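As structure tokens, the structure follows; a few thoughts come after it.
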Amino acid sequence: MINQNTHFFILSSPITHSCIIIFHLLAQITSSQIDPKFTACAPKTCPNNTQNISFPFYIQGTQEPYCGSPGFAISCSPHGFPILNLSHTQYFIRQIFYQNQSLRVSNAAFSTLQSNTTKACLAPTQNLTLPPTNVLRVAPNQTDVVLFYGCDAPSLDEQRVGCSAENETSSVLALDKRDTNISFVAKNCKGGAVDTVVEDGLEGVGEALRKGFLLSWTAGNCSVCNSTGGRCGFDSAMFTFRCYCTDRVHSAKCGDDPE
């Protein structure tokens, strides 16, 4: 049985102190040996938002560009929403599905729309235009919609999603691109037309526009790297996928590889 004096001797002995110092130094050495790119590419979030941002996306100014893939830079809105910029138009990222490489986005201009209301006024926006690199594409089985601004067509009040911000006495109408009334509406709307997409319109077109639609992406598959404890990234000089591991940068996964 160890008495109190013996216990004090063990804790205060030179051998014990040496062991503590050695352990502390080993911990520091181990920490310093972790590859800096592995540390830099930890998943991040925008303020006040829980959506993890990781490869192929990266937050400009918060994460290094090598943590993501070209064409996947995002930013954070003043309110903390992750934003994807498509052809100078801001789209809120509602949710990212890393497993099947897709995400739900919505045009920021439609954020005030709700179901069962026609009170919101919509500012002009631009057609949905995706990058020419084809890294992003509209997911299948969704509906193409045309928004008409500056409309005066009382007979089509069901298609009204709000007023026009440029002239609150005129309406903004949303029609399925296959709707036979397209030509008639175009003649009665003087504020131009915008092409967009909705996932579904079961809760009303206004709510569908607010909720947004699905995009799918093409980038290096991160699952193998992740499953071996790595974090994915991209080498812009070599223009190739990389797996950042605690020891060093690997080509596809952590552990032994042909490099």
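Within each chain, counting starts at residue 1; across the structure tokens, chains are named A, B, ... in the order shown, with ligands numbered 1 upward in that order.
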Which residues are close to Cys243 in chain A, i.e. within 12 Å by only C-alpha atoms, leaving aside same-chain residues fewer than 3 positions away? Reply as an mmCIF file with C-alpha atoms, in the first residue's frame.
data_model
loop_
_atom_site.group_PDB
_atom_site.id
_atom_site.type_symbol
_atom_site.label_atom_id
_atom_site.label_comp_id
_atom_site.auth_asym_id
_atom_site.auth_seq_id
_atom_site.Cartn_x
_atom_site.Cartn_y
_atom_site.Cartn_z
ATOM 1 C CA ASP A 35 0.567 18.173 -42.649
ATOM 2 C CA LYS A 37 -2.943 21.206 -45.664
ATOM 3 C CA PHE A 38 -4.776 18.564 -43.630
ATOM 4 C CA CYS A 41 -8.920 21.860 -45.023
ATOM 5 C CA PHE A 55 -14.539 19.605 -50.840
ATOM 6 C CA PRO A 56 -15.349 20.342 -53.600
ATOM 7 C CA TYR A 66 -6.613 24.145 -52.550
ATOM 8 C CA CYS A 67 -9.276 22.819 -50.157
ATOM 9 C CA GLY A 68 -11.830 22.928 -52.986
ATOM 10 C CA GLY A 220 -13.072 14.210 -57.781
ATOM 11 C CA ASN A 221 -14.720 11.485 -55.674
ATOM 12 C CA CYS A 222 -13.850 12.202 -52.053
ATOM 13 C CA SER A 223 -15.302 9.063 -50.435
ATOM 14 C CA VAL A 224 -12.142 6.929 -50.484
ATOM 15 C CA CYS A 225 -9.964 9.733 -49.137
ATOM 16 C CA ASN A 226 -12.493 10.483 -46.383
ATOM 17 C CA SER A 227 -12.874 6.836 -45.435
ATOM 18 C CA THR A 228 -9.114 6.561 -44.834
ATOM 19 C CA GLY A 229 -9.048 9.627 -42.588
ATOM 20 C CA GLY A 230 -8.033 12.203 -45.194
ATOM 21 C CA ARG A 231 -9.420 15.513 -46.396
ATOM 22 C CA CYS A 232 -9.851 16.174 -50.082
ATOM 23 C CA GLY A 233 -8.377 18.995 -52.107
ATOM 24 C CA PHE A 234 -7.100 20.036 -55.489
ATOM 25 C CA ASP A 235 -3.635 20.795 -56.823
ATOM 26 C CA THR A 240 -5.475 17.041 -60.190
ATOM 27 C CA THR A 246 -2.005 13.829 -41.369
ATOM 28 C CA ASP A 247 1.426 12.664 -42.604
ATOM 29 C CA ARG A 248 1.542 14.224 -46.081
ATOM 30 C CA VAL A 249 -0.317 14.740 -49.356
ATOM 31 C CA HIS A 250 -1.391 11.547 -51.147
ATOM 32 C CA SER A 251 -2.862 10.971 -54.583
ATOM 33 C CA ALA A 252 -6.146 9.305 -53.615
ATOM 34 C CA LYS A 253 -6.177 7.951 -50.042
ATOM 35 C CA CYS A 254 -4.208 7.929 -46.810
ATOM 36 C CA GLY A 255 -1.732 5.148 -46.156
ATOM 37 C CA ASP A 257 0.327 4.465 -52.122
#
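By only C-alpha atoms, and with residues fewer than 6 positions from range 168-171 of chain A along its chain excluded, the set lying at most 10 Å from it is Thr118, Lys119, Ala120, Cys121, Leu122, Phe148, Tyr149, Gly150, Cys151, Asp152, Ala153, Pro154, Asp157, Gln159, Arg160, Val161, Gly162, Cys189, Lys190 and Gly191 of chain A.
Using only C-alpha atoms, the residues found no farther than 8 Å from Ala40 in chain A, other than those of its own chain fewer than 4 positions away, are Pro36, Gln63, Glu64 and Cys67 of chain A.
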Please produce a file of the residues just selected, as a compact mmCIF listing (two decimals), in the first residue's frame, where the atoms kept are C-alpha atoms.
# COMPACT_ATOMS: atom_id res chain seq x y z
CA PRO A 36 -0.59 21.84 -42.74
CA GLN A 63 -10.53 28.27 -46.49
CA GLU A 64 -7.61 27.94 -48.86
CA CYS A 67 -9.28 22.82 -50.16
Pick from A:Arg242, A:Lys177, A:Arg104, A:His88, whichever lies nearest to Arg137 in chain A using only C-alpha atoms = A:Arg104
message = Can you pull out every residue from range 22-139 of chain A that DSSP, working from the backbone, puts in helix (DSSP H, G or I), and format the result as number ranges by chain?
response = A: 22-32, 36-40, 65-67, 108-110
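For the pair CA of Arg210 in chain A and CA of Leu156 in chain A, the interatomic distance is 20.6 Å.
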ask   = Which is closer to Thr133 in chain A than all the others in A:Thr62, A:Gln95, A:Thr218, A:Thr112, using only C-alpha atoms?
value = A:Thr218
task = Quick one: pick out all strand (DSSP E or B) residues within range 6-230 of chain A from a backbone DSSP run and write them as a PyMOL selection string.
result = chain A and resi 44+53+58-60+63+73-76+82-86+89-97+102-107+121-122+136-138+143-151+160-164+167-176+189+193-198+213-217
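With CA of Phe72 in chain A on one side and CA of Phe57 in chain A on the other, the separation reads 4.8 Å.
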note = Correct to one decimal, the distance CA of Gln101 in chain A-CA of Ala208 in chain A is 21.6 Å
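Excluding range 211-215 of chain A itself and any same-chain residue fewer than 2 positions from it, the protein and nucleic acid residues within 8 Å of it, counting only C-alpha atoms, are Arg94, Ser102, Leu103, Arg104, Val105, Ser106, Asn107, Leu136, Arg137, Val138, Ala139, Gln142, Val197, Val198, Glu199, Glu207, Ala208, Leu209 and Trp217 of chain A.
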Could you write out that same residue set with N, CA and C atoms as a tab-separated table (two decimals), in the first residue's frame?
chain	number	residue	atom	x	y	z
A	94	ARG	N	-29.14	25.91	-49.79
A	94	ARG	CA	-30.07	25.43	-48.77
A	94	ARG	C	-29.56	24.15	-48.10
A	102	SER	N	-24.84	16.46	-54.88
A	102	SER	CA	-25.88	17.39	-55.31
A	102	SER	C	-26.11	18.42	-54.21
A	103	LEU	N	-26.77	19.51	-54.56
A	103	LEU	CA	-27.09	20.54	-53.58
A	103	LEU	C	-28.37	21.25	-53.99
A	104	ARG	N	-29.09	21.78	-53.00
A	104	ARG	CA	-30.29	22.55	-53.27
A	104	ARG	C	-29.96	24.03	-53.11
A	105	VAL	N	-30.28	24.81	-54.13
A	105	VAL	CA	-30.01	26.25	-54.10
A	105	VAL	C	-31.29	27.01	-54.46
A	106	SER	N	-31.33	28.28	-54.08
A	106	SER	CA	-32.45	29.13	-54.47
A	106	SER	C	-31.94	30.54	-54.73
A	107	ASN	N	-32.52	31.17	-55.72
A	107	ASN	CA	-32.15	32.54	-56.06
A	107	ASN	C	-32.45	33.45	-54.87
A	136	LEU	N	-21.17	22.06	-62.83
A	136	LEU	CA	-22.49	22.08	-62.23
A	136	LEU	C	-23.54	21.92	-63.32
A	137	ARG	N	-24.58	21.18	-63.01
A	137	ARG	CA	-25.68	21.02	-63.97
A	137	ARG	C	-26.99	20.85	-63.20
A	138	VAL	N	-28.08	21.20	-63.87
A	138	VAL	CA	-29.39	21.06	-63.25
A	138	VAL	C	-29.74	19.57	-63.16
A	139	ALA	N	-30.13	19.14	-61.98
A	139	ALA	CA	-30.50	17.74	-61.79
A	139	ALA	C	-31.78	17.43	-62.58
A	142	GLN	N	-36.99	18.05	-62.92
A	142	GLN	CA	-37.44	19.29	-62.33
A	142	GLN	C	-38.20	20.10	-63.39
A	197	VAL	N	-35.69	27.44	-62.61
A	197	VAL	CA	-36.08	26.03	-62.41
A	197	VAL	C	-36.64	25.90	-61.01
A	198	VAL	N	-37.63	25.02	-60.84
A	198	VAL	CA	-38.11	24.66	-59.50
A	198	VAL	C	-38.11	23.14	-59.38
A	199	GLU	N	-37.94	22.69	-58.14
A	199	GLU	CA	-37.92	21.24	-57.90
A	199	GLU	C	-39.32	20.66	-58.03
A	207	GLU	N	-43.70	29.31	-53.13
A	207	GLU	CA	-42.93	28.51	-52.19
A	207	GLU	C	-41.88	27.68	-52.92
A	208	ALA	N	-42.23	27.16	-54.10
A	208	ALA	CA	-41.27	26.37	-54.89
A	208	ALA	C	-40.07	27.22	-55.29
A	209	LEU	N	-40.31	28.47	-55.68
A	209	LEU	CA	-39.20	29.36	-56.04
A	209	LEU	C	-38.32	29.65	-54.83
A	217	TRP	N	-23.12	17.99	-59.24
A	217	TRP	CA	-21.79	18.45	-59.61
A	217	TRP	C	-20.89	17.30	-60.04
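Those residues that approach range 44-48 of chain A to within 8 Å, counting only C-alpha atoms, are Ile53, Ser54, Ile59, Gln63, Cys76, His79, Gly80, Phe81 and Pro82 of chain A; same-chain residues fewer than 5 positions away are not listed.
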Okay, now the selection with N, CA, C and O atoms, as a tab-separated table (two decimals), in the first residue's frame?
chain	number	residue	atom	x	y	z
A	53	ILE	N	-19.10	22.97	-44.88
A	53	ILE	CA	-18.56	23.27	-46.20
A	53	ILE	C	-17.21	22.56	-46.33
A	53	ILE	O	-16.29	22.81	-45.56
A	54	SER	N	-17.13	21.65	-47.27
A	54	SER	CA	-15.89	20.93	-47.52
A	54	SER	C	-15.82	20.59	-49.01
A	54	SER	O	-16.73	20.95	-49.77
A	59	ILE	N	-14.86	28.06	-48.73
A	59	ILE	CA	-15.33	29.41	-48.44
A	59	ILE	C	-14.21	30.40	-48.70
A	59	ILE	O	-13.16	30.34	-48.06
A	63	GLN	N	-11.26	29.49	-46.14
A	63	GLN	CA	-10.53	28.27	-46.49
A	63	GLN	C	-9.62	28.55	-47.68
A	63	GLN	O	-9.90	29.41	-48.51
A	76	CYS	N	-20.10	33.78	-47.74
A	76	CYS	CA	-21.11	33.80	-46.69
A	76	CYS	C	-21.85	35.13	-46.74
A	76	CYS	O	-21.22	36.20	-46.82
A	79	HIS	N	-26.02	37.53	-43.34
A	79	HIS	CA	-26.88	36.83	-42.39
A	79	HIS	C	-26.39	35.40	-42.11
A	79	HIS	O	-27.05	34.65	-41.38
A	80	GLY	N	-25.26	35.03	-42.72
A	80	GLY	CA	-24.68	33.73	-42.42
A	80	GLY	C	-25.06	32.60	-43.37
A	80	GLY	O	-24.73	31.44	-43.11
A	81	PHE	N	-25.73	32.92	-44.48
A	81	PHE	CA	-26.09	31.88	-45.45
A	81	PHE	C	-24.92	31.62	-46.40
A	81	PHE	O	-24.31	32.58	-46.89
A	82	PRO	N	-24.59	30.35	-46.69
A	82	PRO	CA	-23.61	30.09	-47.74
A	82	PRO	C	-24.19	30.46	-49.10
A	82	PRO	O	-25.36	30.17	-49.38
